[in-house]
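One file, final.cif, is given below (mmCIF, C-alpha atoms).
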```cif
data_final
#
loop_
_atom_site.label_atom_id
_atom_site.label_comp_id
_atom_site.auth_asym_id
_atom_site.auth_seq_id
_atom_site.Cartn_x
_atom_site.Cartn_y
_atom_site.Cartn_z
CA MET J 23 70.61 -2.54 -47.15
CA LEU J 24 69.97 0.89 -48.68
CA SER J 25 67.73 1.99 -45.80
CA ARG J 26 70.33 0.86 -43.29
CA HIS J 27 72.97 2.88 -45.16
CA PHE J 28 70.85 6.02 -45.01
CA GLU J 29 70.12 5.40 -41.33
CA THR J 30 73.82 5.10 -40.56
CA LEU J 31 74.57 8.21 -42.62
CA SER J 32 71.82 10.16 -40.83
CA ASN J 33 73.05 9.08 -37.38
CA THR J 34 76.63 10.08 -38.19
CA LEU J 35 75.50 13.48 -39.48
CA GLU J 36 73.39 14.03 -36.35
CA LYS J 37 76.41 13.30 -34.16
CA GLU J 38 78.59 15.73 -36.10
CA ILE J 39 75.93 18.45 -35.97
CA LEU J 40 75.59 17.89 -32.22
CA ALA J 41 79.36 18.22 -31.84
CA SER J 42 79.25 21.41 -33.91
CA GLU J 43 76.52 22.80 -31.64
CA GLN J 44 78.74 22.04 -28.65
CA ILE J 45 81.57 24.08 -30.16
CA ARG J 46 79.20 26.99 -30.84
CA SER J 47 77.82 26.84 -27.29
CA LYS J 48 81.33 26.76 -25.79
CA ILE J 49 82.31 29.87 -27.77
CA LEU J 50 79.23 31.75 -26.56
CA LEU J 51 79.76 30.57 -22.98
CA ALA J 52 83.32 31.89 -23.05
CA ALA J 53 82.20 35.17 -24.64
CA PHE J 54 79.41 35.77 -22.10
CA ALA J 55 81.64 34.86 -19.16
CA PHE J 56 84.48 37.09 -20.36
CA ALA J 57 82.16 40.03 -21.05
CA GLY J 58 80.43 39.60 -17.68
CA ILE J 59 83.74 39.61 -15.80
CA SER J 60 85.01 42.62 -17.78
CA TRP J 61 81.90 44.73 -17.13
CA SER J 62 81.90 43.68 -13.47
CA ILE J 63 85.48 44.94 -13.10
CA LEU J 64 84.50 48.17 -14.88
CA PHE J 65 81.51 48.59 -12.55
CA LEU J 66 83.58 48.00 -9.40
CA PHE J 67 86.55 50.19 -10.20
CA LEU J 68 85.67 52.65 -12.99
CA LYS J 69 81.96 53.27 -12.64
CA GLU J 70 82.13 57.03 -12.09
CA GLU J 71 84.63 57.63 -14.87
CA PHE J 72 82.56 55.57 -17.31
CA ASN J 73 79.33 57.41 -16.43
CA GLN J 74 81.03 60.76 -16.95
CA SER J 75 82.39 59.71 -20.35
CA THR J 76 79.00 58.45 -21.57
CA GLY J 77 76.95 61.26 -20.05
CA ILE J 78 74.37 58.86 -18.56
CA GLU J 79 73.85 56.77 -15.50
CA PHE J 80 74.94 53.59 -17.23
CA PRO J 81 72.78 50.54 -16.32
CA PHE J 82 75.65 48.32 -15.21
CA GLU J 83 73.41 46.08 -13.11
CA VAL J 84 71.08 45.32 -16.02
CA LEU J 85 73.92 44.67 -18.45
CA ILE J 86 75.85 42.45 -16.03
CA GLY J 87 72.61 40.64 -15.20
CA ALA J 88 71.96 39.98 -18.90
CA LEU J 89 75.49 38.67 -19.37
CA ALA J 90 75.17 36.52 -16.25
CA PHE J 91 71.93 35.11 -17.62
CA GLY J 92 73.64 34.37 -20.94
CA THR J 93 76.50 32.63 -19.14
CA VAL J 94 74.20 30.47 -17.01
CA TYR J 95 71.95 29.75 -19.97
CA GLU J 96 74.81 28.63 -22.23
CA PHE J 97 76.28 26.55 -19.41
CA GLY J 98 72.95 24.76 -19.01
CA PHE J 99 72.51 24.34 -22.76
CA LEU J 100 76.01 22.89 -23.05
CA LYS J 101 75.20 20.43 -20.26
CA LEU J 102 72.10 19.41 -22.19
CA LEU J 103 74.13 18.87 -25.36
CA ASN J 104 76.65 16.74 -23.44
CA TYR J 105 73.78 14.68 -22.02
CA LEU J 106 72.27 14.14 -25.48
CA LYS J 107 75.63 13.14 -26.88
CA LYS J 108 76.31 10.71 -24.05
CA ARG J 109 72.90 9.08 -24.47
CA GLU J 110 73.23 9.20 -28.28
CA PHE J 111 69.98 11.16 -28.58
CA LYS J 112 69.23 13.44 -31.49
CA LEU J 113 68.91 17.20 -31.03
CA PRO J 114 65.32 18.10 -32.07
CA LEU J 115 65.01 20.92 -34.58
CA LEU J 116 62.18 22.87 -32.92
CA PRO J 117 64.00 23.47 -29.60
CA ARG J 118 66.98 24.69 -31.61
CA PHE J 119 64.80 27.50 -32.98
CA GLY J 120 63.80 28.37 -29.40
CA ASN J 121 67.45 28.39 -28.41
CA ALA J 122 68.28 30.70 -31.34
CA LEU J 123 65.49 33.08 -30.29
CA ILE J 124 66.71 33.31 -26.68
CA GLU J 125 70.38 33.76 -27.57
CA THR J 126 69.84 36.29 -30.35
CA SER J 127 67.48 38.38 -28.17
CA LEU J 128 70.19 39.26 -25.63
CA PRO J 129 71.78 42.06 -27.75
CA GLY J 130 68.27 43.41 -28.40
CA ILE J 131 67.53 43.58 -24.66
CA ILE J 132 70.80 45.40 -23.96
CA LEU J 133 70.21 47.81 -26.85
CA PHE J 134 66.64 48.55 -25.75
CA ILE J 135 67.77 49.37 -22.18
CA LEU J 136 70.51 51.68 -23.40
CA ILE J 137 68.12 53.54 -25.72
CA GLN J 138 65.73 54.10 -22.81
CA LYS J 139 68.52 55.38 -20.57
CA HIS J 140 70.45 57.54 -23.03
CA SER J 141 69.56 61.20 -23.50
CA HIS J 142 70.38 60.81 -27.20
CA PRO J 143 68.65 57.49 -28.20
CA VAL J 144 70.19 57.60 -31.64
CA VAL J 145 73.68 57.09 -30.17
CA PRO J 146 73.23 53.56 -28.76
CA SER J 147 71.01 52.68 -31.72
CA ASN J 148 73.87 53.33 -34.14
CA SER J 149 76.70 52.28 -31.83
CA PRO J 150 78.80 49.11 -32.21
CA ILE J 151 76.52 47.42 -29.65
CA SER J 152 74.10 46.38 -32.39
CA ASN J 153 77.00 44.57 -34.08
CA LEU J 154 76.74 41.97 -31.32
CA TYR J 155 74.02 40.42 -33.47
CA PHE J 156 76.70 39.45 -35.99
CA ILE J 157 78.32 37.15 -33.42
CA PHE J 158 75.19 35.02 -33.26
CA ILE J 159 74.65 35.16 -37.02
CA ILE J 160 78.23 34.08 -37.75
CA LEU J 161 78.14 31.28 -35.17
CA SER J 162 74.84 30.05 -36.66
CA VAL J 163 76.95 28.62 -39.49
CA LEU J 164 77.97 25.87 -37.04
CA ARG J 165 74.32 24.84 -36.78
CA MET J 166 74.51 23.71 -40.44
CA GLU J 167 70.82 24.43 -40.96
CA PHE J 168 69.80 27.13 -43.45
CA GLY J 169 66.52 27.74 -41.64
CA LEU J 170 68.23 28.37 -38.31
CA SER J 171 70.71 30.84 -39.78
CA LEU J 172 67.93 32.65 -41.65
CA PHE J 173 65.85 32.68 -38.45
CA THR J 174 68.77 34.14 -36.48
CA GLY J 175 69.27 36.89 -39.07
CA ALA J 176 65.52 37.57 -39.16
CA ILE J 177 65.33 37.86 -35.36
CA ALA J 178 68.23 40.32 -35.33
CA ALA J 179 66.70 42.35 -38.20
CA THR J 180 63.22 42.40 -36.63
CA GLN J 181 64.39 43.38 -33.16
CA TYR J 182 66.66 46.12 -34.47
CA LEU J 183 63.94 47.41 -36.79
CA ILE J 184 61.33 47.55 -34.01
CA THR J 185 63.76 49.24 -31.63
CA GLY J 186 64.71 51.85 -34.22
CA LEU J 187 61.20 52.58 -35.49
CA PHE J 188 59.30 52.69 -32.21
CA PHE J 189 61.80 53.73 -29.56
CA VAL J 190 63.98 56.25 -31.36
CA PRO J 191 62.29 59.65 -31.97
CA ASP J 192 61.32 60.55 -35.51
CA SER J 193 63.26 63.80 -35.42
CA PRO J 194 66.25 65.11 -33.48
CA LEU J 195 65.77 66.96 -30.25
CA SER J 196 66.79 70.63 -30.02
CA GLY J 197 70.51 71.01 -30.51
CA GLU J 198 70.87 67.56 -32.19
CA SER J 199 70.84 68.63 -35.83
CA ALA J 200 74.16 66.83 -36.32
CA TYR J 201 72.28 63.56 -35.91
CA SER J 202 69.49 64.33 -38.40
CA PHE J 203 70.55 61.62 -40.84
CA PHE J 204 70.39 58.91 -38.19
CA TYR J 205 66.89 60.06 -37.17
CA SER J 206 65.77 59.54 -40.77
CA LYS J 207 65.36 55.78 -40.17
CA VAL J 208 67.51 55.03 -43.23
CA PRO J 209 70.33 53.58 -41.09
CA THR J 210 67.78 51.43 -39.26
CA TYR J 211 66.46 49.97 -42.51
CA MET J 212 69.98 49.48 -43.88
CA ARG J 213 71.30 47.72 -40.80
CA SER J 214 68.19 45.55 -40.47
CA GLY J 215 68.58 44.51 -44.09
CA LEU J 216 72.24 43.75 -43.46
CA PHE J 217 71.34 41.47 -40.53
CA LEU J 218 68.82 39.60 -42.67
CA ALA J 219 71.24 39.27 -45.60
CA SER J 220 73.95 38.05 -43.22
CA GLY J 221 71.60 35.36 -41.96
CA ILE J 222 70.97 34.20 -45.54
CA VAL J 223 74.70 34.11 -46.31
CA ALA J 224 75.43 32.25 -43.05
CA GLY J 225 72.71 29.75 -43.95
CA LEU J 226 74.21 29.14 -47.40
CA VAL J 227 77.67 28.65 -45.87
CA GLY J 228 76.16 26.26 -43.31
CA LEU J 229 74.49 24.30 -46.10
CA ARG J 230 77.80 24.04 -47.91
CA LEU J 231 79.54 22.80 -44.77
CA LYS J 232 76.78 20.26 -44.25
CA LYS J 233 77.14 19.04 -47.83
CA ILE J 234 80.92 18.69 -47.43
CA LEU J 235 80.38 16.82 -44.17
CA LYS J 236 77.77 14.57 -45.78
CA ASN J 237 80.10 13.77 -48.68
CA SER J 238 82.91 12.98 -46.24
CA VAL J 239 80.65 10.70 -44.20
CA GLU J 240 79.39 8.96 -47.35
CA ARG J 241 82.95 8.41 -48.52
CA LEU J 242 83.88 7.02 -45.11
CA GLU J 243 80.83 4.74 -45.19
CA GLU J 244 81.83 3.52 -48.66
CA ARG J 245 85.35 2.86 -47.43
CA ASN J 246 84.07 0.97 -44.38
CA GLU J 247 81.72 -1.02 -46.60
CA ILE J 248 84.60 -1.99 -48.87
CA LEU J 249 86.76 -2.95 -45.90
CA GLY J 250 83.88 -4.92 -44.46
CA MET J 251 83.38 -6.74 -47.75
CA PHE J 252 87.00 -7.41 -48.61
CA GLY J 253 88.41 -7.63 -45.10
CA GLN J 254 91.07 -5.52 -43.43
CA TYR J 255 93.74 -7.20 -45.55
CA VAL J 256 93.14 -4.96 -48.54
CA SER J 257 95.75 -2.28 -49.08
CA PRO J 258 94.67 1.37 -48.85
CA SER J 259 95.61 1.84 -52.51
CA VAL J 260 93.24 -0.95 -53.54
CA VAL J 261 90.46 0.58 -51.44
CA ASP J 262 91.05 3.95 -53.10
CA LYS J 263 90.91 2.36 -56.55
CA LEU J 264 87.68 0.55 -55.69
CA MET J 265 86.13 3.81 -54.49
CA SER J 266 87.34 5.90 -57.43
CA GLN J 267 86.38 3.35 -60.08
CA LYS J 268 83.17 2.26 -58.34
CA ALA J 269 83.94 -1.38 -59.11
CA ASP J 270 80.82 -3.51 -59.40
CA THR J 271 80.71 -6.24 -56.75
CA ALA J 272 77.63 -7.89 -58.19
CA SER J 273 78.00 -11.48 -59.33
CA GLU J 274 79.88 -11.79 -62.62
CA ASN J 275 82.33 -14.04 -64.42
CA LYS J 276 85.87 -12.66 -64.51
CA ASP J 277 89.28 -13.92 -65.59
CA VAL J 278 91.37 -14.13 -62.44
CA CYS J 279 94.55 -15.71 -61.16
CA VAL J 280 94.02 -17.54 -57.88
CA MET J 281 96.81 -18.23 -55.41
CA PHE J 282 96.65 -20.76 -52.60
CA LEU J 283 99.40 -20.71 -50.00
CA ASP J 284 99.98 -23.32 -47.31
CA ILE J 285 102.54 -23.57 -44.50
CA ARG J 286 104.13 -27.01 -44.53
CA ASN J 287 104.03 -29.19 -41.36
CA PHE J 288 102.10 -26.56 -39.46
CA THR J 289 100.17 -29.11 -37.42
CA LYS J 290 103.39 -30.70 -36.18
CA PHE J 291 104.88 -27.29 -35.44
CA SER J 292 101.90 -26.16 -33.34
CA GLU J 293 101.69 -29.36 -31.24
CA ASP J 294 104.20 -28.23 -28.61
CA LYS J 295 103.54 -24.48 -28.86
CA SER J 296 101.19 -22.32 -26.82
CA PRO J 297 98.33 -20.58 -28.64
CA SER J 298 100.03 -17.19 -28.20
CA GLU J 299 103.25 -18.56 -29.77
CA VAL J 300 101.33 -19.96 -32.73
CA ILE J 301 99.45 -16.69 -33.29
CA SER J 302 102.65 -14.68 -33.00
CA TYR J 303 104.35 -16.92 -35.56
CA LEU J 304 101.47 -16.64 -38.03
CA ASN J 305 101.24 -12.88 -37.61
CA THR J 306 104.96 -12.48 -38.23
CA LEU J 307 104.79 -14.67 -41.33
CA PHE J 308 101.57 -13.28 -42.78
CA GLU J 309 102.47 -9.63 -42.24
CA ASP J 310 105.11 -9.67 -44.97
CA MET J 311 103.06 -11.96 -47.21
CA ILE J 312 100.03 -9.67 -47.07
CA GLU J 313 102.19 -6.69 -47.91
CA ILE J 314 103.65 -8.51 -50.91
CA VAL J 315 100.21 -9.55 -52.22
CA ASN J 316 98.93 -5.99 -51.84
CA LYS J 317 102.01 -4.59 -53.55
CA HIS J 318 101.29 -6.73 -56.61
CA ASN J 319 97.63 -5.62 -56.84
CA GLY J 320 96.15 -8.72 -55.28
CA ILE J 321 93.81 -9.15 -52.34
CA ILE J 322 93.74 -11.73 -49.58
CA ASN J 323 90.30 -13.26 -50.03
CA LYS J 324 90.36 -15.84 -47.23
CA PHE J 325 92.61 -16.99 -44.42
CA LEU J 326 92.65 -20.75 -44.07
CA GLY J 327 94.30 -21.23 -40.68
CA ASP J 328 97.80 -22.11 -41.82
CA GLY J 329 97.48 -20.45 -45.22
CA PHE J 330 95.37 -18.18 -47.36
CA MET J 331 93.71 -17.73 -50.70
CA ALA J 332 94.59 -14.63 -52.70
CA VAL J 333 93.13 -13.41 -55.96
CA PHE J 334 94.59 -11.22 -58.70
CA GLY J 335 92.20 -9.63 -61.17
CA ALA J 336 89.10 -9.16 -59.04
CA PRO J 337 87.36 -6.98 -58.24
CA LEU J 338 89.80 -4.86 -60.28
CA SER J 339 91.99 -6.12 -63.11
CA ASP J 340 95.48 -4.77 -63.73
CA ASN J 341 95.11 -4.49 -67.50
CA GLY J 342 95.91 -8.10 -68.30
CA LYS J 343 98.87 -8.34 -65.89
CA ASP J 344 97.02 -10.37 -63.24
CA ALA J 345 98.79 -13.71 -63.85
CA LYS J 346 102.16 -11.93 -64.03
CA ASN J 347 101.39 -10.13 -60.76
CA ALA J 348 100.47 -13.40 -59.06
CA VAL J 349 103.69 -15.08 -60.19
CA SER J 350 105.78 -12.10 -59.09
CA ALA J 351 104.07 -12.13 -55.69
CA ALA J 352 104.65 -15.89 -55.30
CA LEU J 353 108.35 -15.60 -56.11
CA GLU J 354 108.77 -12.64 -53.75
CA ILE J 355 106.98 -14.51 -50.96
CA GLN J 356 109.29 -17.48 -51.49
CA LYS J 357 112.33 -15.21 -51.30
CA LYS J 358 111.00 -13.48 -48.20
CA VAL J 359 110.44 -16.76 -46.35
CA ILE J 360 114.01 -17.81 -47.13
CA GLU J 361 115.29 -14.48 -45.76
CA MET J 362 113.24 -14.86 -42.58
CA ASN J 363 114.53 -18.40 -42.11
CA VAL J 364 118.15 -17.34 -42.52
CA SER J 365 117.77 -14.36 -40.16
CA GLY J 366 116.10 -16.49 -37.49
CA LYS J 367 113.04 -14.26 -37.44
CA ILE J 368 110.86 -17.38 -37.68
CA PRO J 369 111.45 -21.09 -37.05
CA GLU J 370 112.50 -23.11 -40.10
CA THR J 371 109.49 -22.80 -42.41
CA LYS J 372 108.56 -24.15 -45.80
CA ILE J 373 105.58 -23.14 -47.89
CA GLY J 374 103.60 -24.43 -50.83
CA ILE J 375 101.97 -22.17 -53.42
CA GLY J 376 99.56 -23.11 -56.19
CA LEU J 377 98.54 -20.80 -59.05
CA HIS J 378 95.86 -21.12 -61.69
CA PHE J 379 94.42 -18.60 -64.16
CA GLY J 380 90.92 -18.90 -65.52
CA GLU J 381 87.33 -17.77 -65.34
CA ALA J 382 85.59 -17.67 -61.97
CA MET J 383 82.36 -16.40 -60.52
CA THR J 384 82.96 -13.31 -58.37
CA GLY J 385 80.58 -11.34 -56.19
CA SER J 386 79.51 -10.38 -52.69
CA VAL J 387 77.84 -13.00 -50.52
CA GLY J 388 76.24 -12.57 -47.12
CA SER J 389 73.50 -10.62 -45.38
CA SER J 390 72.62 -6.95 -45.01
CA GLN J 391 74.71 -6.88 -41.80
CA ARG J 392 77.83 -8.52 -43.19
CA LYS J 393 78.91 -9.20 -46.74
CA GLU J 394 82.06 -10.81 -48.06
CA TYR J 395 83.54 -10.67 -51.51
CA THR J 396 84.12 -14.22 -52.69
CA ILE J 397 85.45 -16.09 -55.72
CA ILE J 398 84.07 -19.52 -56.56
CA GLY J 399 84.29 -21.99 -59.41
CA ASP J 400 86.57 -24.56 -61.03
CA THR J 401 89.47 -22.07 -61.22
CA VAL J 402 89.52 -21.80 -57.42
CA ASN J 403 89.23 -25.56 -56.93
CA LEU J 404 92.05 -26.28 -59.38
CA ALA J 405 94.37 -23.72 -57.77
CA SER J 406 93.81 -25.48 -54.44
CA ARG J 407 94.55 -28.89 -55.97
CA VAL J 408 97.72 -27.55 -57.61
CA GLU J 409 98.98 -26.23 -54.29
CA GLN J 410 98.56 -29.69 -52.75
CA LEU J 411 100.67 -31.20 -55.56
CA ASN J 412 103.74 -29.44 -54.10
CA LYS J 413 103.94 -32.28 -51.58
CA ASP J 414 104.16 -34.86 -54.38
CA PHE J 415 106.82 -32.98 -56.37
CA GLY J 416 108.81 -31.61 -53.43
CA SER J 417 108.32 -28.11 -54.81
CA GLU J 418 107.25 -24.78 -53.39
CA ILE J 419 105.56 -23.01 -56.31
CA LEU J 420 103.48 -24.75 -58.94
CA ALA J 421 101.49 -23.05 -61.69
CA THR J 422 99.21 -24.36 -64.40
CA ASP J 423 99.89 -23.85 -68.10
CA THR J 424 97.29 -21.03 -68.22
CA VAL J 425 99.47 -19.09 -65.79
CA TYR J 426 102.76 -19.92 -67.46
CA GLU J 427 101.44 -18.70 -70.83
CA HIS J 428 101.41 -15.19 -69.39
CA VAL J 429 104.99 -15.26 -68.04
CA LYS J 430 106.95 -17.60 -70.31
CA HIS J 431 108.49 -14.71 -72.23
CA PHE J 432 110.46 -13.56 -69.17
CA LEU J 433 110.48 -16.55 -66.78
CA GLU J 434 111.83 -20.05 -67.32
CA ALA J 435 110.11 -22.91 -65.54
CA GLU J 436 110.41 -26.67 -65.29
CA SER J 437 107.66 -28.52 -67.10
CA LEU J 438 106.30 -31.41 -65.04
CA PRO J 439 104.42 -34.49 -66.28
CA PRO J 440 100.69 -33.96 -66.84
CA VAL J 441 98.73 -34.66 -63.67
CA LYS J 442 95.29 -36.10 -63.11
CA VAL J 443 93.55 -34.13 -60.37
CA LYS J 444 90.39 -34.85 -58.45
CA GLY J 445 87.26 -33.46 -60.05
CA ARG J 446 88.69 -33.08 -63.57
CA GLU J 447 88.69 -35.54 -66.43
CA LYS J 448 91.49 -33.92 -68.42
CA GLU J 449 95.04 -34.00 -67.17
CA VAL J 450 96.52 -30.71 -66.03
CA LEU J 451 99.77 -29.29 -67.34
CA ILE J 452 101.79 -27.77 -64.52
CA TYR J 453 105.13 -25.97 -64.17
CA LYS J 454 107.53 -25.66 -61.29
CA LEU J 455 108.57 -22.06 -60.75
CA THR J 456 111.86 -21.17 -59.10
#
```

If you took the structure in this file and wrote it as structure tokens, what would it be?
Amino acid sequence: MLSRHFETLSNTLEKEILASEQIRSKILLAAFAFAGISWSILFLFLKEEFNQSTGIEFPFEVLIGALAFGTVYEFGFLKLLNYLKKREFKLPLLPRFGNALIETSLPGIILFILIQKHSHPVVPSNSPISNLYFIFIILSVLRMEFGLSLFTGAIAATQYLITGLFFVPDSPLSGESAYSFFYSKVPTYMRSGLFLASGIVAGLVGLRLKKILKNSVERLEERNEILGMFGQYVSPSVVDKLMSQKADTASENKDVCVMFLDIRNFTKFSEDKSPSEVISYLNTLFEDMIEIVNKHNGIINKFLGDGFMAVFGAPLSDNGKDAKNAVSAALEIQKKVIEMNVSGKIPETKIGIGLHFGEAMTGSVGSSQRKEYTIIGDTVNLASRVEQLNKDFGSEILATDTVYEHVKHFLEAESLPPVKVKGREKEVLIYKLT
């Protein structure tokens, strides 16, 4: 069970990381395409003016070619990511390093070409062009891998350092004394260090995002596990309580109040109805009943065709108010059915409810694929028997003395003669609630 949980968690994280890579690739694709179009327009219409302003024969063809390569490359990489996502394949880590190397090298190629072409190499070296590296470092956060962000920063730092140390002269040319500081290599070391530090920071941010994502996925998995165990008929508030209090679903004895509800004459009602009519009727009836049970801190444990079993006090107890909650829910359900009958929302319907409070064995039962929270024991059996006694007494709500002890201070009830029920030697004291 634990290994399956980790496998599910890992698969979900891989999917989210793949989706994050798609976003990063789309941003780069848009950036490369936009830059390529912009420089192409500049080349076609303002080439001479641009060359005059820069004082060099600007290598438009090389730059546009590099941007075109980046556009085609990102388009292909995005197609690959879409294919992996569609086939539910994982994105291997090693190729991601190769991808980071190729992408991050593009600013270095452009910078190297400009340094070779410019009569003052120190100008492109210290121009905003080198800041293009920051785009790739910042976007590496979306990779959510510290190593990849560090690698991206290291590639940017290494390329810039090599370009500055080996391709920029050690001293200014004649008439370039104004640039002496930049020829000192100090700016090269400083900017290279900044690229590396930025990669480290981006990696730490990516790790934090991954941790937040992992916690969110784990919380979602816990919520799904609870819903799978208790069914979809547990209110969101109960689910939140179970998650916050980490209620133990291992087998244990607990004091609970069990409610059994049955729709009277359901078999006769369904004889001349189509299956869709029967289902519609049950859904209409149960919708309000489920809401009422949830409102009073109970859970629907089982649906029994024309009725259900609800429990109050497990897996979470309401500080000794479980029997009171069950009685309040029963009375509200009775009132609601009367309202629905009067309004014509449902055909004339009568119900029977049985309540018993006592100790029961609670816990999750099932396999690693599907578990269900269940309540078993004499308390459950007696609650079922009490519900059936409604037919004998012509009543709608019957409760045992263990239930009435919890509500007698605010609710009057009719005491009925002690009853002998199947499976018990002692007679049972029951009360009719109205």

Once the PyMOL selection byres ((chain J and resi 310-312) around 10) has been applied to the shown file, what residues remain in the selection, as an mmCIF file with C-alpha atoms, in the frame of the given file?
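part.cif was written with the following content:
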```cif
data_model
loop_
_atom_site.group_PDB
_atom_site.id
_atom_site.type_symbol
_atom_site.label_atom_id
_atom_site.label_comp_id
_atom_site.auth_asym_id
_atom_site.auth_seq_id
_atom_site.Cartn_x
_atom_site.Cartn_y
_atom_site.Cartn_z
ATOM 1 C CA TYR J 255 93.740 -7.200 -45.550
ATOM 2 C CA VAL J 256 93.140 -4.960 -48.540
ATOM 3 C CA SER J 257 95.750 -2.280 -49.080
ATOM 4 C CA LEU J 283 99.400 -20.710 -50.000
ATOM 5 C CA ASN J 305 101.240 -12.880 -37.610
ATOM 6 C CA THR J 306 104.960 -12.480 -38.230
ATOM 7 C CA LEU J 307 104.790 -14.670 -41.330
ATOM 8 C CA PHE J 308 101.570 -13.280 -42.780
ATOM 9 C CA GLU J 309 102.470 -9.630 -42.240
ATOM 10 C CA GLU J 313 102.190 -6.690 -47.910
ATOM 11 C CA ILE J 314 103.650 -8.510 -50.910
ATOM 12 C CA VAL J 315 100.210 -9.550 -52.220
ATOM 13 C CA ASN J 316 98.930 -5.990 -51.840
ATOM 14 C CA LYS J 317 102.010 -4.590 -53.550
ATOM 15 C CA GLY J 320 96.150 -8.720 -55.280
ATOM 16 C CA ILE J 321 93.810 -9.150 -52.340
ATOM 17 C CA ILE J 322 93.740 -11.730 -49.580
ATOM 18 C CA PHE J 330 95.370 -18.180 -47.360
ATOM 19 C CA ALA J 332 94.590 -14.630 -52.700
ATOM 20 C CA ALA J 351 104.070 -12.130 -55.690
ATOM 21 C CA ALA J 352 104.650 -15.890 -55.300
ATOM 22 C CA GLU J 354 108.770 -12.640 -53.750
ATOM 23 C CA ILE J 355 106.980 -14.510 -50.960
ATOM 24 C CA GLN J 356 109.290 -17.480 -51.490
ATOM 25 C CA LYS J 358 111.000 -13.480 -48.200
ATOM 26 C CA VAL J 359 110.440 -16.760 -46.350
ATOM 27 C CA MET J 362 113.240 -14.860 -42.580
#
```

Selection near J:Gly175, 10 Å with only C-alpha atoms, sequence-local residues under 3 positions removed, as a PDB file with C-alpha atoms, keeping the file's coordinate frame:
```pdb
ATOM      1  CA  ALA J 122      68.280  30.700 -31.340  1.00  0.00           C
ATOM      2  CA  THR J 126      69.840  36.290 -30.350  1.00  0.00           C
ATOM      3  CA  TYR J 155      74.020  40.420 -33.470  1.00  0.00           C
ATOM      4  CA  PHE J 156      76.700  39.450 -35.990  1.00  0.00           C
ATOM      5  CA  PHE J 158      75.190  35.020 -33.260  1.00  0.00           C
ATOM      6  CA  ILE J 159      74.650  35.160 -37.020  1.00  0.00           C
ATOM      7  CA  ILE J 160      78.230  34.080 -37.750  1.00  0.00           C
ATOM      8  CA  SER J 162      74.840  30.050 -36.660  1.00  0.00           C
ATOM      9  CA  GLY J 169      66.520  27.740 -41.640  1.00  0.00           C
ATOM     10  CA  LEU J 170      68.230  28.370 -38.310  1.00  0.00           C
ATOM     11  CA  SER J 171      70.710  30.840 -39.780  1.00  0.00           C
ATOM     12  CA  LEU J 172      67.930  32.650 -41.650  1.00  0.00           C
ATOM     13  CA  ALA J 178      68.230  40.320 -35.330  1.00  0.00           C
ATOM     14  CA  ALA J 179      66.700  42.350 -38.200  1.00  0.00           C
ATOM     15  CA  THR J 180      63.220  42.400 -36.630  1.00  0.00           C
ATOM     16  CA  SER J 214      68.190  45.550 -40.470  1.00  0.00           C
ATOM     17  CA  GLY J 215      68.580  44.510 -44.090  1.00  0.00           C
ATOM     18  CA  LEU J 216      72.240  43.750 -43.460  1.00  0.00           C
ATOM     19  CA  PHE J 217      71.340  41.470 -40.530  1.00  0.00           C
ATOM     20  CA  LEU J 218      68.820  39.600 -42.670  1.00  0.00           C
ATOM     21  CA  ALA J 219      71.240  39.270 -45.600  1.00  0.00           C
ATOM     22  CA  SER J 220      73.950  38.050 -43.220  1.00  0.00           C
ATOM     23  CA  GLY J 221      71.600  35.360 -41.960  1.00  0.00           C
ATOM     24  CA  ILE J 222      70.970  34.200 -45.540  1.00  0.00           C
ATOM     25  CA  VAL J 223      74.700  34.110 -46.310  1.00  0.00           C
ATOM     26  CA  ALA J 224      75.430  32.250 -43.050  1.00  0.00           C
ATOM     27  CA  GLY J 225      72.710  29.750 -43.950  1.00  0.00           C
TER      28      GLY J 225
END
```

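For the pair atom CA of J:Gly58 and atom CA of J:Leu89, the interatomic distance is 5.3 Å.
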
Nearest to J:Gly335, chosen from J:Val364, J:Val300, J:Val84, J:Ile397, with only C-alpha atoms counted in the distances: J:Ile397

Nearest residue to J:Arg230 from the set J:Met166, J:Leu106, J:Ile184, J:Val402 (distances using all atoms listed in the file): J:Met166

Two-atom distance - atom CA of J:Glu167, atom CA of J:Ala52 (Å): 23.1 Å
